>>> print(open('entry-v7.txt').read())   # compact mmCIF, C-alpha atoms
# COMPACT_ATOMS: atom_id res chain seq x y z
CA MET H 35 -14.14 13.80 5.78
CA THR H 36 -13.21 16.41 3.16
CA ALA H 37 -9.86 17.08 4.88
CA ILE H 38 -9.09 13.35 4.99
CA TYR H 39 -9.98 12.91 1.31
CA LEU H 40 -7.76 15.87 0.38
CA THR H 41 -4.78 14.66 2.41
CA HIS H 42 -5.27 11.11 1.16
CA SER H 43 -5.33 12.03 -2.53
CA LEU H 44 -2.43 14.53 -2.37
CA ARG H 45 -0.31 12.11 -0.36
CA ALA H 46 -1.11 9.34 -2.82
CA THR H 47 -0.06 11.54 -5.71
CA ALA H 48 3.22 12.46 -3.99
CA ILE H 49 4.21 8.94 -3.02
CA THR H 50 3.11 7.20 -6.24
CA PHE H 51 5.08 9.87 -8.13
CA VAL H 52 8.20 7.99 -7.07
CA ILE H 53 7.31 4.72 -5.32
CA ILE H 54 7.41 2.40 -8.34
CA LEU H 55 10.70 3.99 -9.44
CA ILE H 56 12.51 3.36 -6.12
CA PRO H 57 13.67 -0.26 -6.69
CA ILE H 58 14.69 0.66 -10.24
CA TYR H 59 16.52 3.76 -9.01
CA LEU H 60 18.42 1.75 -6.38
CA MET H 61 19.57 -0.73 -9.01
CA ASN H 62 20.53 2.10 -11.38
CA ILE H 63 22.86 3.62 -8.77
CA GLY H 64 24.65 0.32 -8.18
CA TYR H 65 22.55 -1.71 -5.74
CA SER H 66 22.21 -5.41 -6.53
CA MET H 67 18.76 -6.99 -6.45
CA ARG H 68 19.76 -8.72 -3.22
CA GLU H 69 20.60 -5.34 -1.67
CA VAL H 70 17.28 -3.88 -2.85
CA PHE H 71 15.47 -6.70 -1.04
CA LEU H 72 17.56 -6.01 2.08
CA VAL H 73 16.50 -2.33 2.01
CA PHE H 74 12.82 -3.32 1.88
CA ILE H 75 13.30 -5.82 4.72
CA ALA H 76 15.05 -3.20 6.87
CA GLU H 77 12.29 -0.67 6.18
CA SER H 78 9.65 -3.21 7.29
CA ILE H 79 11.48 -4.09 10.50
CA VAL H 80 11.84 -0.43 11.47
CA TRP H 81 8.15 0.13 10.65
CA LEU H 82 7.21 -2.75 12.97
CA ILE H 83 9.35 -1.27 15.75
CA PHE H 84 7.79 2.19 15.32
CA LEU H 85 4.23 0.80 15.40
CA PHE H 86 4.46 0.14 19.15
CA PRO H 87 5.26 3.71 20.31
CA ALA H 88 2.84 5.05 17.66
CA ALA H 89 0.01 2.99 19.16
CA TYR H 90 0.72 4.14 22.70
CA LEU H 91 1.14 7.79 21.65
CA MET H 92 -2.02 7.82 19.50
CA PRO H 93 -4.32 8.75 22.45
CA LYS H 94 -2.04 11.69 23.29
CA LEU H 95 -1.15 12.99 19.83
CA GLY H 96 -4.28 12.01 17.92
CA ALA H 97 -4.81 10.35 14.53
CA ASN H 98 -4.89 13.65 12.60
CA PHE H 99 -1.47 14.69 13.91
CA ASN H 100 -0.05 11.26 13.08
CA MET H 101 -1.45 11.38 9.54
CA ALA H 102 0.06 14.83 8.96
CA LEU H 103 3.44 13.94 10.52
CA SER H 104 3.81 10.67 8.62
CA THR H 105 2.89 12.49 5.41
CA LEU H 106 5.59 15.11 6.00
CA SER H 107 8.15 12.35 6.61
CA ILE H 108 7.87 11.41 2.93
CA SER H 109 10.01 14.44 2.19
CA GLY H 110 12.71 12.94 4.43
CA PHE H 111 13.03 9.71 2.51
CA LEU H 112 12.91 11.56 -0.82
CA ILE H 113 15.79 13.82 0.23
CA SER H 114 17.69 10.75 1.44
CA LEU H 115 17.21 9.08 -1.95
CA ALA H 116 18.38 12.20 -3.79
CA VAL H 117 21.60 12.40 -1.75
CA LEU H 118 22.18 8.62 -1.75
CA PRO H 119 24.47 8.45 -4.84
CA SER H 120 26.99 10.79 -3.21
CA ASN H 121 26.72 9.36 0.32
CA GLY H 122 25.64 5.75 0.79
CA LEU H 123 24.94 6.26 4.51
CA PHE H 124 21.74 8.12 3.59
CA ILE H 125 20.13 4.73 3.01
CA ILE H 126 19.66 4.74 6.79
CA GLY H 127 17.68 7.98 6.51
CA TYR H 128 15.58 6.50 3.72
CA VAL H 129 14.75 3.41 5.80
CA ILE H 130 13.80 5.42 8.90
CA PHE H 131 11.72 8.05 7.10
CA MET H 132 9.99 5.46 4.94
CA ALA H 133 9.05 3.51 8.08
CA ILE H 134 7.59 6.67 9.63
CA ALA H 135 5.67 7.37 6.42
CA SER H 136 4.15 3.88 6.64
CA LEU H 137 2.60 4.78 10.02
CA TYR H 138 0.13 6.89 8.01
CA TRP H 139 -2.06 3.85 7.42
CA PHE H 140 -2.50 3.18 11.15
CA ALA H 141 -3.88 6.68 11.73
CA PHE H 142 -5.88 6.71 8.47
CA ARG H 143 -7.68 3.44 9.33
CA LEU H 144 -8.52 4.78 12.79
CA ASN H 145 -9.95 8.00 11.35
CA PHE H 146 -11.96 6.24 8.66
CA THR H 147 -13.45 3.79 11.16
CA ALA H 148 -14.42 6.62 13.52
CA ILE H 149 -16.05 8.68 10.77
CA THR H 150 -18.02 5.87 9.12
CA LYS H 151 -18.61 3.94 12.38
CA GLY H 152 -18.24 0.89 10.15
CA LYS H 153 -21.73 1.39 8.73
CA GLU H 154 -22.71 2.34 5.19
CA ALA H 155 -19.03 2.80 4.40
CA GLY H 156 -19.19 1.32 0.90
CA ASN H 157 -19.72 4.58 -1.02
CA LYS H 158 -17.10 6.43 1.06
CA ILE H 159 -14.59 3.62 0.58
CA GLY H 160 -15.37 3.46 -3.13
CA PHE H 161 -14.78 7.21 -3.42
CA SER H 162 -11.59 7.00 -1.34
CA ASN H 163 -10.30 4.14 -3.53
CA ALA H 164 -11.20 6.08 -6.68
CA LEU H 165 -9.13 9.04 -5.45
CA TRP H 166 -6.25 6.68 -4.68
CA PHE H 167 -6.42 5.00 -8.09
CA ALA H 168 -6.66 8.40 -9.82
CA SER H 169 -3.46 9.47 -8.09
CA GLN H 170 -1.82 6.18 -9.00
CA GLY H 171 -2.84 6.69 -12.60
CA VAL H 172 -1.49 10.20 -13.09
CA ALA H 173 1.55 10.23 -10.82
CA PRO H 174 3.65 7.28 -12.11
CA ALA H 175 3.38 8.44 -15.73
CA VAL H 176 4.26 12.05 -14.95
CA GLY H 177 6.96 11.02 -12.48
CA GLY H 178 8.53 8.62 -14.98
CA ILE H 179 8.55 11.19 -17.79
CA VAL H 180 10.03 13.90 -15.55
CA ALA H 181 12.71 11.48 -14.31
CA GLN H 182 13.58 10.42 -17.85
CA ILE H 183 13.82 13.96 -19.28
CA TYR H 184 15.07 16.11 -16.39
CA GLY H 185 16.49 13.56 -13.94
CA ILE H 186 14.92 11.77 -11.01
CA GLU H 187 15.92 14.62 -8.66
CA TRP H 188 13.20 16.76 -10.26
CA THR H 189 10.68 13.99 -9.62
CA TYR H 190 11.66 14.05 -5.95
CA ALA H 191 11.38 17.85 -5.81
CA ILE H 192 7.81 17.86 -7.19
CA ALA H 193 6.82 15.08 -4.79
CA ILE H 194 8.22 17.02 -1.80
CA VAL H 195 6.11 20.07 -2.70
CA LEU H 196 3.00 17.86 -2.92
CA VAL H 197 3.83 16.34 0.49
CA PHE H 198 3.68 19.72 2.22
CA PHE H 199 0.34 20.52 0.59
CA ALA H 200 -0.97 17.09 1.65
CA ALA H 201 -0.15 17.69 5.32
CA VAL H 202 -1.92 21.07 5.52
CA PRO H 203 -5.63 19.97 5.59
CA LEU H 204 -5.28 17.91 8.79
CA TRP H 205 -2.63 19.93 10.62
CA GLY H 206 -4.13 21.22 13.87
CA LYS H 207 -7.62 19.85 13.20
CA PRO H 208 -9.34 18.26 16.23
CA ASP H 209 -9.78 14.48 16.14
CA VAL H 210 -13.16 12.87 15.60
CA VAL H 211 -12.51 10.47 18.51
CA GLN H 212 -10.21 10.59 21.51
CA TRP H 213 -8.73 7.10 21.54
CA PRO H 214 -8.24 5.33 24.88
CA LYS H 215 -4.93 3.84 25.99
CA MET H 216 -4.17 0.65 24.08
CA ASP H 217 -4.83 -2.60 25.93
CA LEU H 218 -3.97 -5.66 23.84
CA SER H 219 -5.61 -7.98 26.39
CA LYS H 220 -8.96 -6.84 24.95
CA LEU H 221 -8.16 -8.45 21.62
CA ASN H 222 -9.21 -12.00 20.72
CA ILE H 223 -6.52 -13.01 18.21
CA ARG H 224 -8.18 -16.34 17.37
CA LYS H 225 -11.42 -14.57 16.50
CA ILE H 226 -9.82 -12.04 14.16
CA MET H 227 -7.34 -14.50 12.59
CA PRO H 228 -9.24 -14.66 9.23
CA ASP H 229 -8.95 -10.86 8.98
CA LEU H 230 -5.22 -10.99 9.73
CA ILE H 231 -4.69 -13.63 7.02
CA ALA H 232 -6.69 -11.62 4.46
CA ASN H 233 -4.79 -8.45 5.33
CA ALA H 234 -1.45 -10.24 4.96
CA GLY H 235 -2.53 -11.45 1.53
CA SER H 236 -3.49 -7.94 0.47
CA THR H 237 -0.11 -6.65 1.69
CA VAL H 238 1.77 -9.25 -0.37
CA ASP H 239 -0.16 -8.07 -3.44
CA ASP H 240 0.93 -4.49 -2.64
CA SER H 241 4.53 -5.72 -2.34
CA VAL H 242 4.35 -7.29 -5.79
CA GLY H 243 3.20 -3.95 -7.23
CA ALA H 244 5.84 -1.91 -5.41
CA LEU H 245 8.85 -4.22 -5.68
CA VAL H 246 8.62 -7.22 -8.03
CA TRP H 247 6.52 -5.89 -10.90
CA PRO H 248 8.46 -2.62 -11.50
CA LEU H 249 11.70 -4.61 -11.73
CA LEU H 250 10.15 -7.15 -14.12
CA VAL H 251 8.77 -4.34 -16.30
CA PHE H 252 12.16 -2.60 -16.26
CA ILE H 253 13.74 -5.71 -17.81
CA ILE H 254 11.35 -5.28 -20.75
CA ILE H 255 11.33 -1.45 -20.87
CA PRO H 256 14.62 -0.14 -19.42
CA ASN H 257 13.65 3.50 -18.79
CA TYR H 258 11.74 5.44 -16.13
CA ALA H 259 9.16 6.90 -18.50
CA GLY H 260 8.15 3.53 -19.93
CA VAL H 261 7.68 1.97 -16.51
CA GLY H 262 5.71 4.99 -15.28
CA ILE H 263 3.38 5.20 -18.26
CA LEU H 264 2.61 1.48 -18.30
CA SER H 265 2.02 1.49 -14.53
CA ALA H 266 -0.48 4.30 -15.05
CA LEU H 267 -2.69 1.99 -17.12
CA VAL H 268 -3.90 0.43 -13.88
CA VAL H 269 -6.12 3.46 -13.37
CA ILE H 270 -8.07 3.34 -16.64
CA SER H 271 -10.61 0.84 -15.39
CA ALA H 272 -9.95 1.02 -11.64
CA ILE H 273 -11.57 4.40 -10.92
CA ILE H 274 -14.93 3.60 -12.48
CA ILE H 275 -14.99 0.08 -11.05
CA SER H 276 -14.21 1.33 -7.51
CA LEU H 277 -17.15 3.74 -7.60
CA TRP H 278 -19.41 1.14 -9.16
CA VAL H 279 -18.55 -1.57 -6.62
CA GLY H 280 -19.05 0.88 -3.74
CA TRP H 281 -22.59 1.49 -4.99
CA ARG H 282 -23.47 -2.07 -6.08
CA GLU H 283 -22.06 -4.14 -3.23
CA SER H 284 -25.08 -3.44 -1.01
CA LYS H 285 -27.18 -5.29 -3.62
CA LYS H 286 -24.82 -8.05 -4.76
CA GLY H 287 -23.05 -8.52 -1.41
CA GLU H 288 -19.44 -8.08 -0.36
CA ALA H 289 -18.57 -11.78 -0.76
CA HIS H 290 -19.41 -11.71 -4.48
CA TYR H 291 -16.94 -8.91 -5.29
CA LEU H 292 -14.33 -10.12 -2.80
CA LYS H 293 -14.19 -13.53 -4.52
CA GLN H 294 -14.19 -12.01 -8.00
CA GLY H 295 -11.38 -9.60 -7.12
CA SER H 296 -9.21 -12.26 -5.47
CA TRP H 297 -9.61 -14.59 -8.47
CA ILE H 298 -8.69 -11.84 -10.94
CA LEU H 299 -5.59 -10.90 -8.93
CA SER H 300 -4.55 -14.55 -8.63
CA ILE H 301 -4.85 -14.95 -12.41
CA THR H 302 -2.96 -11.66 -12.90
CA ASN H 303 -0.04 -12.82 -10.77
CA PHE H 304 0.03 -16.13 -12.67
CA LEU H 305 0.19 -14.29 -16.00
CA ARG H 306 2.98 -11.95 -14.87
CA PHE H 307 5.65 -14.63 -15.29
CA LEU H 308 4.61 -15.12 -18.95
CA THR H 309 5.04 -11.44 -19.79
CA GLN H 310 7.58 -10.71 -22.51
CA THR H 311 6.35 -7.68 -24.49
CA VAL H 312 5.15 -4.11 -23.91
CA SER H 313 1.59 -4.95 -24.96
CA GLN H 314 1.52 -7.85 -22.48
CA VAL H 315 2.72 -5.53 -19.69
CA ALA H 316 -0.09 -3.10 -20.57
CA GLY H 317 -2.65 -5.91 -20.48
CA ILE H 318 -1.42 -7.18 -17.12
CA ASN H 319 -1.61 -3.66 -15.65
CA LEU H 320 -5.19 -3.23 -16.85
CA LEU H 321 -6.16 -6.62 -15.40
CA SER H 322 -4.43 -5.76 -12.11
CA GLY H 323 -6.36 -2.49 -11.95
CA VAL H 324 -9.66 -4.33 -12.42
CA GLY H 325 -8.83 -6.87 -9.71
CA GLN H 326 -7.71 -4.27 -7.19
CA ALA H 327 -10.72 -2.07 -7.82
CA ILE H 328 -13.15 -4.98 -7.37
CA TYR H 329 -11.73 -6.38 -4.14
CA THR H 330 -10.55 -3.27 -2.25
CA THR H 331 -13.99 -1.74 -1.62
CA PRO H 332 -15.67 -4.86 -0.14
CA MET H 333 -12.51 -5.88 1.74
CA PHE H 334 -12.09 -2.53 3.43
CA ARG H 335 -15.78 -2.23 4.10
CA ARG H 336 -15.43 -5.44 6.11
CA TYR H 337 -12.19 -4.09 7.62
CA TYR H 338 -13.87 -0.96 8.97
CA LYS H 339 -17.01 -2.82 9.99
CA ASN H 340 -14.97 -5.34 11.99
CA ALA H 341 -12.77 -2.58 13.43
CA ALA H 342 -15.90 -0.80 14.71
CA ARG H 343 -17.26 -3.87 16.52
CA GLU H 344 -13.89 -4.95 17.97
CA PRO H 345 -11.65 -2.87 20.28
CA THR H 346 -10.82 -0.49 17.43
CA LEU H 347 -7.34 0.74 18.34
CA GLU H 348 -6.15 -2.75 19.22
CA TYR H 349 -7.73 -4.35 16.13
CA ILE H 350 -6.16 -1.88 13.69
CA PHE H 351 -2.82 -2.15 15.51
CA ALA H 352 -2.89 -5.95 15.03
CA MET H 353 -3.76 -5.54 11.33
CA GLN H 354 -0.85 -3.12 10.91
CA ILE H 355 1.55 -5.50 12.65
CA VAL H 356 0.52 -8.26 10.24
CA SER H 357 1.06 -5.90 7.29
CA GLY H 358 4.54 -5.08 8.55
CA ILE H 359 5.39 -8.77 8.98
CA ALA H 360 4.10 -9.64 5.49
CA TRP H 361 6.02 -6.70 4.00
CA ALA H 362 9.20 -8.07 5.64
CA VAL H 363 8.73 -11.81 5.05
CA TYR H 364 7.91 -11.50 1.34
CA PRO H 365 11.20 -9.78 0.30
CA LEU H 366 13.03 -12.04 2.76
CA LEU H 367 11.83 -15.08 0.80
CA LEU H 368 12.93 -13.39 -2.43
CA LEU H 369 16.31 -12.59 -0.86
CA CYS H 370 16.83 -16.27 -0.04
CA LEU H 371 15.99 -17.19 -3.64
CA THR H 372 18.75 -14.89 -4.99
CA PHE H 373 21.29 -17.39 -3.68
CA VAL H 374 19.96 -20.18 -5.91
CA LEU H 375 18.25 -18.48 -8.88
CA PRO H 376 19.10 -15.73 -11.42
CA ASP H 377 17.48 -12.34 -10.85
CA LYS H 378 14.69 -12.65 -13.42
CA GLU H 379 13.64 -16.08 -12.15
CA VAL H 380 13.51 -14.68 -8.60
CA LEU H 381 11.07 -12.00 -9.75
CA ILE H 382 8.97 -14.56 -11.64
CA PHE H 383 8.79 -16.77 -8.57
CA GLY H 384 7.83 -13.68 -6.54
CA ALA H 385 4.82 -13.11 -8.80
CA LEU H 386 3.76 -16.76 -8.52
CA LEU H 387 4.18 -16.64 -4.73
CA ALA H 388 1.53 -13.91 -4.61
CA ILE H 389 -1.16 -16.21 -6.05
CA PRO H 390 -2.12 -17.94 -2.77
CA ALA H 391 -1.72 -14.62 -0.96
CA THR H 392 -4.27 -12.83 -3.16
CA TRP H 393 -6.63 -15.81 -2.99
CA SER H 394 -6.63 -15.53 0.83
CA ILE H 395 -8.16 -12.02 0.69
CA ARG H 396 -11.64 -13.61 0.65
CA PHE H 397 -11.13 -14.80 4.26
CA MET H 398 -11.98 -11.35 5.64
CA ARG H 399 -14.90 -11.83 8.04
CA THR H 400 -18.28 -10.26 7.52
CA GLY H 401 -21.07 -9.48 9.98
CA SER H 402 -23.47 -6.79 11.04
CA ILE H 403 -22.95 -4.07 13.60
CA THR H 404 -25.56 -3.69 16.33
>>> encode(input="entry-v7.txt", output="structure tokens")
Amino acid sequence: MTAIYLTHSLRATAITFVIILIPIYLMNIGYSMREVFLVFIAESIVWLIFLFPAAYLMPKLGANFNMALSTLSISGFLISLAVLPSNGLFIIGYVIFMAIASLYWFAFRLNFTAITKGKEAGNKIGFSNALWFASQGVAPAVGGIVAQIYGIEWTYAIAIVLVFFAAVPLWGKPDVVQWPKMDLSKLNIRKIMPDLIANAGSTVDDSVGALVWPLLVFIIIPNYAGVGILSALVVISAIIISLWVGWRESKKGEAHYLKQGSWILSITNFLRFLTQTVSQVAGINLLSGVGQAIYTTPMFRRYYKNAAREPTLEYIFAMQIVSGIAWAVYPLLLLCLTFVLPDKEVLIFGALLAIPATWSIRFMRTGSIT
């Protein structure tokens, strides 16, 4: 578990160092908003394609190897981004390496399910989320400042170094479980449909944070440092709340925090389109951090619990497929809107579109493991 925590936190630091700056960077080097949406759609489609061989190779290569390899691939898309201004064809490298990096979550979910066996996972998930939020808090601010002062290439260089350190803890370590060959006939799609809907909703919320919100903030604060520092405010309340929810949910119940978190995120996404000032951006980021911290621990506790009582490899594969589809469909809808609305209105509509998505997070099934 220590190796997974270490890889998880270092990888989070590396990728959040640059992730919120990517759509802004693409627009700064001449991409239109429509082209930025196309890049995200292409990345999602390639991720979906790669998920199939990844699932069938998982029993042979193991989850630890896949986590380490997908972490190392971050350096590939960072190098592609750095070279992109001088050679536009490197956008292909970015798309491919970013899709490989996204396979990390497939292996991570498998490992976490195997280690916790779906039981008493609340504290471990709370701690894992706290590490993730801590990385999200420090990295965007530092990355934005470095990009503003020294150039975004230095931000990429620091992130690449962190990537190599992140891959070390799991490289060559034996897997906790030897996964069997995937057999999708074992999966009852109708039974797990509520989980798939909730996971899609959570993915749309992630897309808002990675794509729509940075671009909206950049309209108000047109520099890397400002976007990074304000994005870091998410962490102020999120770390403590993640740990607290992980401890308290056994007493109050998962449903209580899942509903609270989904309501807060729905309200947050409604308020995003009203945002006009720096102080309002800061307030929205704090509110977003509270909502994410409240819902992520109970949602993923249910995720791992359900994964443990279903055919685990097949269940997590299906959840990843739904994430990939949601990550593709959401920017596709925004792309269509660019033909009828100005850029800012497209982003505002994107935030409003996330309201029903975040509300659906509460659909994640619960139940005990025997």
>>> atom_distance(input="entry-v7.txt", atom1="CA of Ile231 in chain H", atom2="CA of Ala391 in chain H")
8.6 Å
>>> closest_residue(input="entry-v7.txt", among="H:Leu387, H:Ile58, H:Leu118, H:Val202", to="Thr41 in chain H", atoms="all atoms listed in the file")
H:Val202
>>> closest_residue(input="entry-v7.txt", among="H:Leu91, H:Ile186, H:Ile389, H:Leu196", to="Tyr59 in chain H", atoms="only C-alpha atoms")
H:Ile186
>>> closest_residue(input="entry-v7.txt", among="H:Thr392, H:Thr331, H:Asn145, H:Thr346", to="Pro214 in chain H", atoms="all atoms listed in the file")
H:Thr346
>>> closest_residue(input="entry-v7.txt", among="H:Val363, H:Ser394, H:Gly64, H:Ala116", to="Ala181 in chain H", atoms="only C-alpha atoms")
H:Ala116
>>> atom_distance(input="entry-v7.txt", atom1="CA of Thr330 in chain H", atom2="CA of Ser296 in chain H")
9.6 Å
>>> residues_around(input="entry-v7.txt", residues="range 349-357 of chain H", least_positions_apart="5", cutoff="8 Å", atoms="all atoms listed in the file", output="PyMOL selection string")
chain H and resi 82+85+89+139-140+143-144+221+229-230+233-234+237+341+344
>>> write_last_selection(input="entry-v7.txt", atoms="C-alpha atoms", output="short mmCIF file (atom, residue, chain, number, x, y, z; two decimals), in the frame of the given file")
data_model
loop_
_atom_site.label_atom_id
_atom_site.label_comp_id
_atom_site.auth_asym_id
_atom_site.auth_seq_id
_atom_site.Cartn_x
_atom_site.Cartn_y
_atom_site.Cartn_z
CA LEU H 82 7.21 -2.75 12.97
CA LEU H 85 4.23 0.80 15.40
CA ALA H 89 0.01 2.99 19.16
CA TRP H 139 -2.06 3.85 7.42
CA PHE H 140 -2.50 3.18 11.15
CA ARG H 143 -7.68 3.44 9.33
CA LEU H 144 -8.52 4.78 12.79
CA LEU H 221 -8.16 -8.45 21.62
CA ASP H 229 -8.95 -10.86 8.98
CA LEU H 230 -5.22 -10.99 9.73
CA ASN H 233 -4.79 -8.45 5.33
CA ALA H 234 -1.45 -10.24 4.96
CA THR H 237 -0.11 -6.65 1.69
CA ALA H 341 -12.77 -2.58 13.43
CA GLU H 344 -13.89 -4.95 17.97
#
>>> closest_residue(input="entry-v7.txt", among="H:Tyr90, H:Tyr184, H:Tyr337, H:Tyr138", to="Trp213 in chain H", atoms="all atoms listed in the file")
H:Tyr90
>>> atom_distance(input="entry-v7.txt", atom1="CA of Leu137 in chain H", atom2="CA of Ile328 in chain H")
25.4 Å
>>> residues_around(input="entry-v7.txt", residues="Ile75 in chain H", least_positions_apart="3", cutoff="9 Å", atoms="only C-alpha atoms", output="PyMOL selection string")
chain H and resi 70-72+78-80+361-366
>>> closest_residue(input="entry-v7.txt", among="H:Gly122, H:Pro390, H:Pro345, H:Gly384", to="Leu299 in chain H", atoms="all atoms listed in the file")
H:Pro390
>>> axis_aligned_box(input="entry-v7.txt", around="range 126-139 of chain H", padding_each_side="4 Å", output="lines of an AutoDock Vina configuration file")
center_x = 8.8
center_y = 5.7
center_z = 6.9
size_x = 29.7
size_y = 12.6
size_z = 14.3
>>> closest_atom_pairs(input="entry-v7.txt", of="range 38-67 of chain H", to="range 95-114 of chain H", cutoff="10 Å", atoms="only C-alpha atoms", output="CSV")
residue,atom,partner,partner_atom,distance
H:Ile38,CA,H:Asn98,CA,8.7
H:Thr41,CA,H:Ala102,CA,8.1
H:His42,CA,H:Met101,CA,9.2
H:Leu44,CA,H:Thr105,CA,9.6
H:Arg45,CA,H:Thr105,CA,6.6
H:Ala46,CA,H:Thr105,CA,9.7
H:Ala48,CA,H:Ile108,CA,8.4
H:Ile49,CA,H:Ile108,CA,7.4
H:Val52,CA,H:Leu112,CA,8.6
H:Ile53,CA,H:Leu112,CA,9.9
H:Ile56,CA,H:Leu112,CA,9.8
>>> write_last_selection(input="entry-v7.txt", atoms="C-alpha atoms", output="PDB file, keeping the file's coordinate frame")
ATOM      1  CA  ILE H  38      -9.090  13.350   4.990  1.00  0.00           C
ATOM      2  CA  THR H  41      -4.780  14.660   2.410  1.00  0.00           C
ATOM      3  CA  HIS H  42      -5.270  11.110   1.160  1.00  0.00           C
ATOM      4  CA  LEU H  44      -2.430  14.530  -2.370  1.00  0.00           C
ATOM      5  CA  ARG H  45      -0.310  12.110  -0.360  1.00  0.00           C
ATOM      6  CA  ALA H  46      -1.110   9.340  -2.820  1.00  0.00           C
ATOM      7  CA  ALA H  48       3.220  12.460  -3.990  1.00  0.00           C
ATOM      8  CA  ILE H  49       4.210   8.940  -3.020  1.00  0.00           C
ATOM      9  CA  VAL H  52       8.200   7.990  -7.070  1.00  0.00           C
ATOM     10  CA  ILE H  53       7.310   4.720  -5.320  1.00  0.00           C
ATOM     11  CA  ILE H  56      12.510   3.360  -6.120  1.00  0.00           C
TER      12      ILE H  56
END
>>> residues_around(input="entry-v7.txt", residues="Ala37 in chain H", least_positions_apart="6", cutoff="10 Å", atoms="all atoms listed in the file", output="list in words")
Asn98, Ala200, Ala201, Val202, Pro203, Leu204, Trp205 and Lys207 of chain H
